[in-house]
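As stored in start00.cif (mmCIF, C-alpha atoms):
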```
data_work
#
loop_
_atom_site.label_atom_id
_atom_site.label_comp_id
_atom_site.auth_asym_id
_atom_site.auth_seq_id
_atom_site.Cartn_x
_atom_site.Cartn_y
_atom_site.Cartn_z
CA MET A 1 -60.68 -27.29 6.10
CA LYS A 2 -58.94 -27.15 9.46
CA ASN A 3 -56.81 -30.08 8.36
CA ILE A 4 -55.72 -28.21 5.23
CA LEU A 5 -54.76 -25.18 7.30
CA LEU A 6 -52.97 -27.34 9.83
CA GLY A 7 -51.13 -29.17 7.06
CA LEU A 8 -50.05 -25.95 5.41
CA GLY A 9 -48.96 -24.56 8.77
CA VAL A 10 -46.92 -27.65 9.64
CA ALA A 11 -45.34 -27.72 6.18
CA PHE A 12 -44.45 -24.03 6.49
CA ALA A 13 -42.97 -24.48 9.95
CA PHE A 14 -40.96 -27.45 8.66
CA LEU A 15 -39.57 -25.50 5.74
CA VAL A 16 -38.59 -22.62 7.95
CA SER A 17 -36.99 -24.89 10.55
CA CYS A 18 -35.05 -26.73 7.83
CA ASP A 19 -33.22 -23.53 7.07
CA SER A 20 -31.73 -23.19 10.53
CA LYS A 21 -28.31 -24.76 10.89
CA LYS A 22 -26.78 -26.16 14.03
CA LYS A 23 -24.89 -22.99 14.88
CA PRO A 24 -25.19 -21.33 18.26
CA SER A 25 -27.76 -18.58 18.14
CA ALA A 26 -27.03 -14.93 18.88
CA ASP A 27 -28.77 -15.35 22.22
CA GLU A 28 -26.63 -18.35 23.10
CA ILE A 29 -23.40 -16.51 22.55
CA SER A 30 -24.57 -13.18 23.91
CA GLY A 31 -24.06 -14.41 27.46
CA VAL A 32 -20.40 -14.90 26.73
CA LEU A 33 -19.93 -11.57 25.02
CA ASP A 34 -20.49 -9.50 28.16
CA SER A 35 -18.47 -6.38 27.59
CA VAL A 36 -19.43 -6.07 23.97
CA LYS A 37 -23.15 -6.57 24.47
CA ILE A 38 -24.47 -3.36 23.04
CA GLU A 39 -27.52 -1.98 21.36
CA GLU A 40 -27.93 -2.54 17.64
CA PRO A 41 -26.56 0.35 15.57
CA SER A 42 -29.03 2.49 13.68
CA ILE A 43 -27.48 1.50 10.37
CA SER A 44 -28.29 -1.86 8.76
CA GLU A 45 -26.02 -4.86 9.24
CA ASP A 46 -25.80 -5.17 5.44
CA VAL A 47 -24.22 -1.74 5.12
CA ILE A 48 -21.80 -2.51 7.95
CA SER A 49 -20.98 -5.83 6.34
CA ASP A 50 -20.30 -4.12 2.99
CA ILE A 51 -17.83 -1.72 4.60
CA ILE A 52 -16.14 -4.45 6.64
CA GLN A 53 -15.47 -6.61 3.61
CA GLN A 54 -13.73 -3.73 1.82
CA ILE A 55 -10.91 -3.65 4.34
CA PRO A 56 -7.87 -5.32 2.80
CA SER A 57 -6.12 -8.27 4.35
CA PRO A 58 -3.06 -7.42 6.49
CA LEU A 59 -1.33 -10.16 4.51
CA GLU A 60 -0.90 -7.69 1.68
CA ILE A 61 1.39 -5.50 3.78
CA SER A 62 3.38 -8.50 5.06
CA THR A 63 3.85 -9.65 1.47
CA LEU A 64 4.99 -6.19 0.41
CA LEU A 65 7.58 -6.21 3.21
CA LYS A 66 8.90 -9.61 2.23
CA GLU A 67 9.00 -8.76 -1.49
CA SER A 68 10.95 -5.59 -0.73
CA ASP A 69 13.63 -7.73 0.94
CA THR A 70 12.85 -6.57 4.45
CA LYS A 71 14.13 -9.08 6.97
CA TYR A 72 11.83 -10.95 9.34
CA ASP A 73 11.89 -9.29 12.76
CA LYS A 74 10.00 -10.88 15.63
CA SER A 75 10.43 -7.78 17.76
CA TYR A 76 7.79 -6.01 15.66
CA LEU A 77 5.15 -8.49 16.83
CA ASN A 78 3.07 -8.69 19.97
CA ASP A 79 4.26 -11.28 22.48
CA PRO A 80 2.03 -14.38 22.08
CA GLU A 81 2.42 -15.08 25.80
CA LYS A 82 0.49 -11.94 26.70
CA ILE A 83 -2.97 -13.43 26.26
CA SER A 84 -3.58 -13.58 30.01
CA ASP A 85 -3.44 -9.76 30.03
CA TYR A 86 -6.54 -9.57 27.89
CA ASN A 87 -9.33 -9.98 30.39
CA SER A 88 -12.32 -8.36 28.70
CA ASN A 89 -13.97 -9.38 25.46
CA TYR A 90 -13.19 -5.93 24.06
CA LYS A 91 -9.47 -6.47 24.71
CA LYS A 92 -9.65 -10.06 23.49
CA ALA A 93 -11.28 -9.12 20.19
CA LEU A 94 -8.69 -6.43 19.50
CA ALA A 95 -5.84 -8.78 20.49
CA LEU A 96 -7.26 -11.50 18.25
CA GLY A 97 -6.97 -9.08 15.34
CA VAL A 98 -3.41 -8.15 16.34
CA TYR A 99 -2.35 -11.80 16.63
CA GLY A 100 -4.07 -12.60 13.32
CA THR A 101 -1.83 -10.08 11.57
CA ASP A 102 1.24 -11.37 13.45
CA LEU A 103 0.38 -14.92 12.39
CA GLY A 104 0.06 -13.78 8.76
CA TYR A 105 3.47 -12.07 9.03
CA THR A 106 5.12 -15.25 10.40
CA ASN A 107 3.38 -17.29 7.68
CA ILE A 108 4.55 -15.05 4.86
CA TYR A 109 8.12 -15.26 6.19
CA GLU A 110 7.77 -19.06 6.63
CA GLN A 111 8.54 -18.93 10.35
CA ASN A 112 6.68 -22.08 11.34
CA GLN A 113 7.72 -22.25 14.97
CA ASP A 114 6.66 -18.68 15.66
CA ALA A 115 3.44 -19.29 13.74
CA LEU A 116 2.60 -22.12 16.15
CA PHE A 117 2.92 -19.80 19.18
CA TYR A 118 0.54 -17.33 17.57
CA LEU A 119 -1.87 -20.10 16.59
CA ASN A 120 -2.08 -21.24 20.20
CA SER A 121 -2.81 -17.71 21.40
CA ILE A 122 -5.36 -17.18 18.65
CA LYS A 123 -7.13 -20.44 19.44
CA SER A 124 -7.30 -19.53 23.13
CA LEU A 125 -8.71 -16.04 22.47
CA ALA A 126 -11.13 -17.40 19.88
CA ASP A 127 -12.39 -20.01 22.36
CA ASP A 128 -12.96 -17.27 24.94
CA LEU A 129 -15.00 -15.36 22.38
CA SER A 130 -17.01 -18.47 21.40
CA ILE A 131 -15.55 -18.53 17.90
CA GLY A 132 -12.97 -21.25 18.52
CA GLN A 133 -14.93 -23.71 16.38
CA PHE A 134 -13.34 -22.16 13.28
CA PHE A 135 -9.88 -23.38 14.26
CA ASP A 136 -9.14 -27.06 13.76
CA ILE A 137 -5.92 -26.70 15.68
CA GLY A 138 -4.81 -30.28 14.96
CA THR A 139 -4.87 -29.77 11.18
CA ILE A 140 -3.33 -26.32 11.44
CA LYS A 141 -0.45 -27.55 13.61
CA ARG A 142 0.17 -30.47 11.26
CA LEU A 143 0.41 -28.04 8.34
CA ALA A 144 2.61 -25.64 10.30
CA THR A 145 5.22 -28.28 11.07
CA ASN A 146 5.99 -28.87 7.40
CA SER A 147 7.25 -25.98 5.31
CA LYS A 148 5.88 -27.65 2.17
CA ASN A 149 2.42 -26.98 3.55
CA LEU A 150 2.85 -23.24 4.00
CA ASP A 151 0.45 -22.39 1.19
CA SER A 152 -2.21 -24.60 2.79
CA LEU A 153 -1.56 -23.08 6.20
CA LEU A 154 -1.89 -19.59 4.83
CA LEU A 155 -5.06 -20.58 3.01
CA ILE A 156 -6.65 -22.18 6.07
CA THR A 157 -5.87 -19.29 8.39
CA THR A 158 -7.11 -16.74 5.81
CA LYS A 159 -10.30 -18.74 5.35
CA ASN A 160 -10.76 -19.03 9.12
CA PHE A 161 -10.52 -15.29 9.65
CA ASN A 162 -12.92 -14.66 6.73
CA ASN A 163 -15.34 -17.22 8.20
CA ILE A 164 -15.12 -15.65 11.66
CA ASN A 165 -15.96 -12.24 10.21
CA ASN A 166 -18.89 -13.65 8.23
CA TYR A 167 -20.12 -15.58 11.26
CA LEU A 168 -19.95 -12.58 13.58
CA GLN A 169 -21.91 -10.54 11.06
CA GLU A 170 -24.52 -13.29 10.68
CA GLN A 171 -24.80 -13.36 14.47
CA LYS A 172 -25.31 -9.60 14.43
CA ARG A 173 -22.07 -9.13 16.36
CA SER A 174 -20.37 -6.88 13.86
CA ASN A 175 -18.99 -4.81 16.73
CA LEU A 176 -16.66 -7.72 17.51
CA SER A 177 -15.81 -8.05 13.85
CA ILE A 178 -14.93 -4.35 13.75
CA LEU A 179 -12.61 -4.72 16.76
CA LEU A 180 -10.96 -7.73 15.19
CA LEU A 181 -10.42 -5.90 11.90
CA SER A 182 -9.29 -2.69 13.58
CA GLY A 183 -6.75 -4.55 15.71
CA GLY A 184 -5.49 -6.43 12.66
CA TRP A 185 -5.27 -3.35 10.49
CA LEU A 186 -3.50 -1.26 13.14
CA GLU A 187 -0.98 -4.04 13.73
CA ALA A 188 -0.15 -4.15 9.99
CA LEU A 189 0.20 -0.36 9.99
CA TYR A 190 2.41 -0.60 13.10
CA ILE A 191 4.70 -3.17 11.45
CA VAL A 192 5.10 -1.14 8.27
CA ALA A 193 5.67 2.01 10.37
CA ARG A 194 8.45 0.25 12.31
CA VAL A 195 10.05 -1.03 9.12
CA SER A 196 9.79 2.42 7.54
CA GLU A 197 11.44 4.00 10.60
CA LYS A 198 14.33 1.60 10.13
CA ASN A 199 14.48 2.34 6.38
CA PRO A 200 13.83 6.10 6.21
CA ASP A 201 14.86 6.37 2.55
CA SER A 202 12.26 3.94 1.30
CA GLU A 203 9.60 6.00 -0.50
CA GLN A 204 7.59 2.84 -1.14
CA LEU A 205 7.15 2.22 2.58
CA LYS A 206 6.13 5.84 3.19
CA GLU A 207 3.60 5.60 0.36
CA THR A 208 2.25 2.37 1.81
CA ILE A 209 1.65 4.16 5.11
CA ALA A 210 0.06 7.17 3.36
CA GLU A 211 -2.27 4.96 1.31
CA GLN A 212 -3.75 3.59 4.51
CA LYS A 213 -5.69 6.88 4.56
CA ILE A 214 -8.44 5.19 2.53
CA ILE A 215 -8.77 2.31 4.99
CA MET A 216 -8.51 4.67 7.94
CA ASP A 217 -11.67 6.42 6.72
CA ASN A 218 -13.52 3.09 6.60
CA VAL A 219 -12.37 2.02 10.06
CA VAL A 220 -13.44 5.34 11.61
CA LEU A 221 -16.77 5.13 9.79
CA LEU A 222 -17.38 1.62 11.13
CA MET A 223 -16.59 2.68 14.69
CA SER A 224 -18.91 5.67 14.40
CA PHE A 225 -21.89 3.29 14.14
CA TYR A 226 -21.13 1.87 17.59
CA LYS A 227 -19.47 4.65 19.54
CA ASP A 228 -22.70 6.08 20.95
CA ASN A 229 -23.67 2.78 22.56
CA ASP A 230 -20.32 1.24 23.45
CA PRO A 231 -17.94 3.20 25.73
CA ASN A 232 -14.97 1.01 24.77
CA ILE A 233 -15.47 1.62 21.05
CA ARG A 234 -16.07 5.31 21.75
CA GLN A 235 -12.71 5.58 23.52
CA LEU A 236 -10.93 3.72 20.74
CA SER A 237 -12.76 5.72 18.08
CA ASN A 238 -11.57 9.01 19.63
CA LYS A 239 -7.97 7.85 19.26
CA PHE A 240 -8.57 6.71 15.68
CA VAL A 241 -10.19 10.05 14.81
CA LYS A 242 -7.00 11.83 15.97
CA LEU A 243 -4.98 9.51 13.78
CA GLN A 244 -7.36 10.23 10.91
CA GLU A 245 -6.66 13.97 11.33
CA GLU A 246 -3.00 13.26 10.61
CA PHE A 247 -3.90 11.17 7.56
CA ASN A 248 -6.11 14.02 6.32
CA LYS A 249 -2.99 16.17 5.91
CA ILE A 250 -1.94 13.83 3.10
CA GLU A 251 -3.40 14.31 -0.36
CA ILE A 252 -3.78 11.59 -2.97
CA LYS A 253 -4.25 12.91 -6.51
CA THR A 254 -5.51 10.55 -9.18
CA VAL A 255 -5.42 10.90 -12.95
CA TYR A 256 -7.84 8.59 -14.74
CA ARG A 257 -6.95 7.11 -18.12
CA GLU A 258 -8.89 4.45 -20.03
CA PRO A 259 -7.51 0.96 -19.38
CA THR A 260 -6.39 -1.32 -22.19
CA TYR A 261 -6.75 -5.09 -22.39
CA GLU A 262 -5.36 -8.31 -23.74
CA VAL A 263 -6.46 -11.92 -23.32
CA VAL A 264 -3.74 -14.25 -22.04
CA ASP A 265 -4.52 -17.96 -21.63
CA GLY A 266 -8.26 -17.27 -21.40
CA MET A 267 -7.82 -14.55 -18.78
CA LEU A 268 -8.51 -10.87 -19.36
CA VAL A 269 -5.37 -8.99 -18.38
CA VAL A 270 -6.02 -5.32 -17.71
CA GLN A 271 -3.45 -2.63 -18.29
CA ASP A 272 -4.34 0.03 -15.74
CA ASN A 273 -3.29 3.33 -17.30
CA SER A 274 -4.48 5.53 -14.43
CA THR A 275 -1.91 7.04 -12.10
CA SER A 276 -1.87 8.48 -8.62
CA GLU A 277 0.41 10.83 -6.77
CA ILE A 278 0.73 11.14 -3.01
CA ILE A 279 1.44 14.59 -1.68
CA MET A 280 2.96 14.32 1.78
CA LYS A 281 5.85 15.46 3.92
CA ASP A 282 8.12 13.39 6.11
CA GLU A 283 6.61 15.03 9.18
CA ASN A 284 3.18 13.71 8.16
CA ILE A 285 4.51 10.17 8.25
CA GLU A 286 6.33 10.87 11.51
CA ALA A 287 3.14 12.17 13.13
CA ILE A 288 1.18 9.13 11.92
CA ARG A 289 3.89 6.80 13.18
CA LYS A 290 3.85 8.41 16.62
CA GLN A 291 0.10 8.03 16.97
CA VAL A 292 0.09 4.48 15.66
CA TYR A 293 2.70 3.51 18.27
CA GLU A 294 0.61 5.09 21.02
CA ILE A 295 -2.66 3.44 20.01
CA ARG A 296 -0.98 0.08 19.55
CA GLU A 297 0.66 0.35 22.98
CA ASN A 298 -2.75 1.02 24.44
CA ILE A 299 -4.29 -1.96 22.66
CA ILE A 300 -1.72 -4.57 23.58
CA ASN A 301 -1.06 -3.50 27.18
CA MET B 1 -61.47 -18.44 4.86
CA LYS B 2 -60.57 -18.69 1.16
CA LYS B 3 -58.40 -15.60 1.53
CA LEU B 4 -56.65 -17.14 4.51
CA ILE B 5 -55.95 -20.34 2.58
CA PHE B 6 -54.75 -18.25 -0.35
CA ALA B 7 -52.40 -16.25 1.92
CA LEU B 8 -51.02 -19.39 3.52
CA GLY B 9 -50.62 -20.90 0.07
CA ILE B 10 -48.54 -17.93 -1.03
CA ILE B 11 -46.37 -18.23 2.10
CA PHE B 12 -45.98 -21.95 1.44
CA ILE B 13 -44.94 -21.39 -2.19
CA SER B 14 -42.56 -18.59 -1.22
CA ALA B 15 -40.95 -20.77 1.41
CA SER B 16 -40.64 -23.64 -1.11
CA VAL B 17 -39.02 -21.34 -3.65
CA GLN B 18 -36.64 -20.03 -0.99
CA GLN B 19 -35.75 -23.60 -0.18
CA THR B 20 -34.94 -24.15 -3.88
CA TYR B 21 -32.66 -21.09 -3.82
CA ALA B 22 -30.92 -22.50 -0.78
CA GLN B 23 -29.71 -25.27 -3.06
CA CYS B 24 -27.26 -22.83 -4.57
CA ASN B 25 -24.20 -24.23 -2.85
CA THR B 26 -21.81 -21.32 -3.30
CA GLU B 27 -19.34 -22.83 -0.84
CA LYS B 28 -18.78 -25.81 -3.15
CA HIS B 29 -17.99 -23.45 -6.04
CA VAL B 30 -15.65 -21.35 -3.91
CA GLU B 31 -13.74 -24.42 -2.72
CA ALA B 32 -13.32 -25.52 -6.34
CA CYS B 33 -12.21 -22.04 -7.33
CA ILE B 34 -9.36 -21.49 -4.87
CA PRO B 35 -6.94 -23.99 -6.51
CA LYS B 36 -7.72 -22.43 -9.88
CA LEU B 37 -6.05 -19.16 -8.91
CA GLN B 38 -2.91 -18.87 -11.01
CA SER B 39 0.37 -19.92 -9.46
CA GLY B 40 1.94 -17.09 -7.45
CA PHE B 41 -1.37 -15.58 -6.34
CA THR B 42 -2.24 -15.66 -2.64
CA PHE B 43 -5.88 -16.24 -1.76
CA LEU B 44 -7.53 -13.23 -0.10
CA LYS B 45 -11.31 -13.46 -0.24
CA SER B 46 -14.13 -15.60 -1.52
CA TYR B 47 -17.41 -14.32 -2.84
CA ASN B 48 -20.75 -16.10 -2.99
CA ILE B 49 -22.68 -15.56 -6.22
CA ASP B 50 -26.28 -16.43 -5.48
CA GLY B 51 -28.76 -14.87 -7.88
CA GLN B 52 -31.58 -16.63 -5.99
CA GLY B 53 -32.82 -18.41 -9.08
CA GLY B 54 -33.04 -15.17 -11.05
CA ALA B 55 -34.70 -13.07 -8.35
CA LYS B 56 -31.53 -10.98 -8.05
CA ASP B 57 -29.99 -9.47 -11.17
CA LYS B 58 -26.77 -8.34 -9.51
CA VAL B 59 -24.49 -9.42 -6.69
CA GLU B 60 -21.90 -6.85 -5.64
CA TYR B 61 -18.88 -6.76 -3.35
CA SER B 62 -16.15 -4.19 -2.82
CA TYR B 63 -12.52 -4.25 -1.76
CA VAL B 64 -9.67 -1.80 -1.37
CA PHE B 65 -7.09 -2.64 -4.03
CA THR B 66 -3.56 -1.38 -3.46
CA LYS B 67 -1.24 0.23 -5.99
CA GLY B 68 1.59 -2.08 -6.96
CA ALA B 69 -0.33 -5.31 -6.34
CA THR B 70 -1.81 -7.49 -9.07
CA TYR B 71 -5.21 -8.96 -8.31
CA GLN B 72 -6.84 -11.95 -9.91
CA ILE B 73 -10.58 -12.49 -9.68
CA ARG B 74 -11.95 -15.81 -10.87
CA ILE B 75 -15.50 -17.09 -11.35
CA CYS B 76 -16.33 -20.76 -10.84
CA ASN B 77 -19.40 -22.92 -11.20
CA ASP B 78 -20.11 -26.52 -12.15
CA GLY B 79 -18.66 -26.46 -15.63
CA GLU B 80 -15.67 -24.87 -17.26
CA ALA B 81 -17.87 -22.11 -18.66
CA THR B 82 -19.28 -19.36 -16.46
CA ASP B 83 -23.01 -20.16 -16.97
CA GLY B 84 -23.71 -16.58 -18.00
CA ILE B 85 -22.15 -15.05 -14.90
CA VAL B 86 -20.40 -11.83 -15.90
CA LEU B 87 -17.88 -10.11 -13.66
CA THR B 88 -17.46 -6.37 -14.04
CA LEU B 89 -14.92 -4.36 -12.09
CA TYR B 90 -15.55 -0.68 -11.34
CA ASP B 91 -13.26 1.87 -9.72
CA SER B 92 -14.17 4.15 -6.80
CA SER B 93 -15.82 6.63 -9.20
CA ARG B 94 -17.90 3.78 -10.61
CA LYS B 95 -16.02 3.91 -13.91
CA LYS B 96 -15.84 0.50 -15.56
CA VAL B 97 -12.34 -0.95 -15.32
CA ALA B 98 -12.93 -4.32 -16.97
CA SER B 99 -15.51 -6.99 -17.68
CA THR B 100 -15.22 -10.70 -18.34
CA LYS B 101 -17.61 -10.12 -21.25
CA TYR B 102 -14.99 -9.14 -23.75
CA GLU B 103 -15.14 -9.03 -27.55
CA GLY B 104 -18.06 -11.44 -27.80
CA SER B 105 -16.84 -14.06 -25.37
CA THR B 106 -17.34 -14.51 -21.65
CA LEU B 107 -14.11 -15.23 -19.80
CA SER B 108 -13.80 -16.66 -16.31
CA SER B 109 -11.08 -14.47 -14.83
CA ILE B 110 -9.54 -11.03 -14.75
CA ALA B 111 -6.01 -10.02 -13.80
CA PHE B 112 -5.71 -6.42 -12.65
CA PRO B 113 -2.34 -4.82 -11.90
CA CYS B 114 -3.56 -1.92 -9.76
CA GLN B 115 -2.03 1.53 -10.26
CA VAL B 116 -4.36 3.54 -8.01
CA THR B 117 -5.16 2.53 -4.43
CA GLY B 118 -8.87 2.80 -3.76
CA ILE B 119 -12.19 1.06 -3.34
CA TYR B 120 -13.11 -1.15 -6.28
CA TYR B 121 -16.52 -2.70 -6.89
CA ILE B 122 -16.70 -6.34 -7.98
CA THR B 123 -20.07 -6.88 -9.62
CA PHE B 124 -21.57 -10.15 -10.83
CA THR B 125 -24.51 -10.09 -13.24
CA PHE B 126 -26.35 -12.90 -15.02
CA GLU B 127 -26.77 -13.10 -18.79
CA GLY B 128 -28.64 -16.21 -19.90
CA SER B 129 -27.65 -18.05 -16.75
CA SER B 130 -29.42 -21.32 -16.01
CA ASN B 131 -28.48 -21.72 -12.33
CA TYR B 132 -27.74 -18.15 -11.22
CA CYS B 133 -25.24 -19.72 -8.89
CA GLY B 134 -21.48 -19.72 -8.57
CA GLY B 135 -18.48 -18.75 -6.50
CA SER B 136 -15.61 -16.39 -6.98
CA VAL B 137 -12.22 -15.89 -5.41
CA LEU B 138 -9.85 -12.97 -5.16
CA GLY B 139 -6.10 -13.47 -5.01
CA PHE B 140 -3.16 -11.13 -5.15
CA LYS B 141 0.57 -11.02 -5.80
CA ARG B 142 3.19 -8.32 -5.65
#
```
Just give me the structure of the file as structure tokens.
Amino acid sequence: MKNILLGLGVAFAFLVSCDSKKKPSADEISGVLDSVKIEEPSISEDVISDIIQQIPSPLEISTLLKESDTKYDKSYLNDPEKISDYNSNYKKALALGVYGTDLGYTNIYEQNQDALFYLNSIKSLADDLSIGQFFDIGTIKRLATNSKNLDSLLLITTKNFNNINNYLQEQKRSNLSILLLSGGWLEALYIVARVSEKNPDSEQLKETIAEQKIIMDNVVLLMSFYKDNDPNIRQLSNKFVKLQEEFNKIEIKTVYREPTYEVVDGMLVVQDNSTSEIIMKDENIEAIRKQVYEIRENIIN
Amino acid sequence: MKKLIFALGIIFISASVQQTYAQCNTEKHVEACIPKLQSGFTFLKSYNIDGQGGAKDKVEYSYVFTKGATYQIRICNDGEATDGIVLTLYDSSRKKVASTKYEGSTLSSIAFPCQVTGIYYITFTFEGSSNYCGGSVLGFKR
């Protein structure tokens, strides 16, 4: 009988151990993540993960800028040489998000040489945060040196950032993921705010800024889960809440209408008949812009 | 003692079944799916569809879609068909926007030119699926 029990126990232990992959455990990386070592939030990781994955890629804004014939301008981006300024994991995680957006911007505009500078900075910050394993820098550099490979480069870097976010959530380090996403989102908002300042007649750019209201709510919500236990996130959250107050002055009205459909080459193509209207004033956008510049300045310096 | 053996047996079977579910290699499906996005669409996100052998009847994700962008969501698994995986898209009020189950056939992709920025829910359900396993990708273009 004892043998049966022992056999079942060994088999069970084997099955369980088979499921563990050769990734560093949360404990192994926790030593590295000093300044972001915080208590678990009261809300489940699954809920946090669900909110995180809603946040759109900053690539969408970069694409919008390129499609609207806005010229590439390196001065909008954070200097890739500034990585030595980021000496805490909190700063590094935020900067990683900022550089991720900057890399996406250079990729969309096919600026390979600039992309390489950002890749180097990203790799360095990722290594410091023990997430450098997601960047095969050799392959990425090879792709970046040939403009024919831009689609592959974009794909690899997008996949890497998605994988990093998934990995951090698996490792129950969503706080880092939130900093990375917040930094990335704010940088995209900063770029579009700069472009809009230069092109004050563009209603599309103003609307793009105003529509960030929806994402703003998610970012503030995510930070709220950590602000009680993490003084860095609390400080950042306070600034984001002030920004949210400006966004709250904007109203988005939606009129729902039933969609219609057609099948084209085996794909269902939806005709979205709903509409939305953004009610805002120029001073709303100006106030948002001012706050975005301030927060961004604080993040990168 | 019998109860103990029975309990351990249950644990053993559960663990074995879980191990079977782990064979749902969603990553393989996702990798196969990315090149199937239509030309002009930029890859944004991948989604694992693991129904855990039928234990889960729904897998759901959400994403903020932006007005003016067209999104394509594609389902992939081993064959050309979708193996009973149905994708349904809902808006932020949970109103159904579209489903790949359309006029009696099950399609593998949806193109959605978004007119209202907001949170959209991407839901995968299983109807007569044999593997309850697949991958999906989201791409966009302006």
### Query
What's the 9 Å shell around Leu189 of chain A, counting only C-alpha atoms, without same-chain residues fewer than 5 positions away, as number ranges by chain?
A: 58, 61, 184, 194, 208-209, 212, 289, 292
### Task
Apply the PyMOL selection byres ((chain A) within 6 of (chain B)) to the displayed file and report the matching residues as a ChimeraX atom specification.
/A:12,54,56,267-270,275-276
#### Entry: Spatial neighbours of Gln133 of chain A, max dist 10 Å, only C-alpha atoms, sep filter under 5 positions, as a VMD selection string
chain A and resid 123 126 to 127 160 164
Around all listed atoms of segment 130-139 of chain A, padded 4 Å per side, what centre and edge lengths does the axis-aligned box have in Å to one decimal, as JSON?
```
{"center_x": -10.9, "center_y": -24.4, "center_z": 16.3, "size_x": 20.2, "size_y": 19.8, "size_z": 18.2}
```
### Task
Would you write out, as number ranges by chain, every residue that the PyMOL selection byres ((chain A and resi 106) around 12) captures in this file?
A: 58-59, 62-63, 65-66, 71-78, 99-105, 107-119, 144, 150, 153-154, 157
### Query
What does the distance between atom CA of Gly132 of chain A and atom CA of Leu222 of chain A come to in Å, to one decimal place?
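Computed distance, atom CA of Gly132 of chain A to atom CA of Leu222 of chain A, equals 24.4 Å.
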### Explicit residue set for the PyMOL selection byres ((chain B and resi 27) around 12), as JSON, numbers by chain
{"A": [159, 163], "B": [22, 23, 24, 25, 26, 28, 29, 30, 31, 32, 33, 34, 46, 47, 48, 49, 50, 76, 77, 78, 133, 134, 135, 136, 137]}
### Message
To one decimal place in Å, what is the distance between atom CA of Arg173 of chain A and atom CA of Phe135 of chain A?
### Response
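Going from atom CA of Arg173 of chain A over to atom CA of Phe135 of chain A, I get 18.9 Å.
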### Task
Take atom CA of Phe41 of chain B and atom CA of Tyr71 of chain B and report the distance between them in Å, one decimal.
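Calculated distance between atom CA of Phe41 of chain B and atom CA of Tyr71 of chain B is 7.9 Å.
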### Query
Counting all atoms listed in the file, which of A:Lys141, A:Lys91, A:Lys198, A:Lys206 gets nearest to Ile278 of chain A?
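Closest candidate: A:Lys206.
Checking A:Ile252, A:Ile300, A:Leu205, A:Leu129 one by one against Leu186 of chain A, counting all atoms listed in the file, you find the shortest gap at A:Ile300.
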### Message
Just want the 10 Å neighbourhood of Ile299 of chain A, counted on all atoms listed in the file, with same-chain residues fewer than 6 positions away dropped. Output as a list of chain:residue names.
### Response
A:Tyr86, A:Tyr90, A:Lys91, A:Lys92, A:Leu94, A:Ala95, A:Val98, A:Gly183, A:Leu186, A:Glu187, A:Leu236, A:Tyr293
### Message
Considering all atoms listed in the file, can you say which of A:Asp79, A:Met223, A:Ser57, A:Met216 comes closest to Gln235 of chain A?
### Response
A:Met223
### Within 9 Å of Asn301 of chain A using only C-alpha atoms, minus same-chain residues under 4 positions, as number ranges by chain
A: 82, 85-86, 296-297
Please complete segment 178-188 of chain A with N, CA and C atoms and give it back as a PDB file, keeping the file's coordinate frame.
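Result went into part-v1.pdb, see below:
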```pdb
ATOM      1  N   ILE A 178     -15.602  -5.647  13.940  1.00  0.00           N
ATOM      2  CA  ILE A 178     -14.930  -4.350  13.750  1.00  0.00           C
ATOM      3  C   ILE A 178     -13.673  -4.264  14.621  1.00  0.00           C
ATOM      4  N   LEU A 179     -13.775  -4.742  15.870  1.00  0.00           N
ATOM      5  CA  LEU A 179     -12.610  -4.720  16.760  1.00  0.00           C
ATOM      6  C   LEU A 179     -11.511  -5.617  16.229  1.00  0.00           C
ATOM      7  N   LEU A 180     -11.927  -6.778  15.746  1.00  0.00           N
ATOM      8  CA  LEU A 180     -10.960  -7.730  15.190  1.00  0.00           C
ATOM      9  C   LEU A 180     -10.231  -7.119  13.984  1.00  0.00           C
ATOM     10  N   LEU A 181     -11.019  -6.511  13.098  1.00  0.00           N
ATOM     11  CA  LEU A 181     -10.420  -5.900  11.900  1.00  0.00           C
ATOM     12  C   LEU A 181      -9.564  -4.687  12.245  1.00  0.00           C
ATOM     13  N   SER A 182     -10.046  -3.890  13.201  1.00  0.00           N
ATOM     14  CA  SER A 182      -9.290  -2.690  13.580  1.00  0.00           C
ATOM     15  C   SER A 182      -7.953  -3.075  14.195  1.00  0.00           C
ATOM     16  N   GLY A 183      -7.987  -4.066  15.084  1.00  0.00           N
ATOM     17  CA  GLY A 183      -6.750  -4.550  15.710  1.00  0.00           C
ATOM     18  C   GLY A 183      -5.783  -5.078  14.665  1.00  0.00           C
ATOM     19  N   GLY A 184      -6.319  -5.836  13.721  1.00  0.00           N
ATOM     20  CA  GLY A 184      -5.490  -6.430  12.660  1.00  0.00           C
ATOM     21  C   GLY A 184      -4.907  -5.378  11.738  1.00  0.00           C
ATOM     22  N   TRP A 185      -5.742  -4.399  11.390  1.00  0.00           N
ATOM     23  CA  TRP A 185      -5.270  -3.350  10.490  1.00  0.00           C
ATOM     24  C   TRP A 185      -4.211  -2.482  11.167  1.00  0.00           C
ATOM     25  N   LEU A 186      -4.461  -2.113  12.431  1.00  0.00           N
ATOM     26  CA  LEU A 186      -3.500  -1.260  13.140  1.00  0.00           C
ATOM     27  C   LEU A 186      -2.160  -1.978  13.315  1.00  0.00           C
ATOM     28  N   GLU A 187      -2.221  -3.283  13.560  1.00  0.00           N
ATOM     29  CA  GLU A 187      -0.980  -4.040  13.730  1.00  0.00           C
ATOM     30  C   GLU A 187      -0.168  -4.032  12.417  1.00  0.00           C
ATOM     31  N   ALA A 188      -0.855  -4.186  11.290  1.00  0.00           N
ATOM     32  CA  ALA A 188      -0.150  -4.150   9.990  1.00  0.00           C
ATOM     33  C   ALA A 188       0.457  -2.765   9.772  1.00  0.00           C
TER      34      ALA A 188
END
```
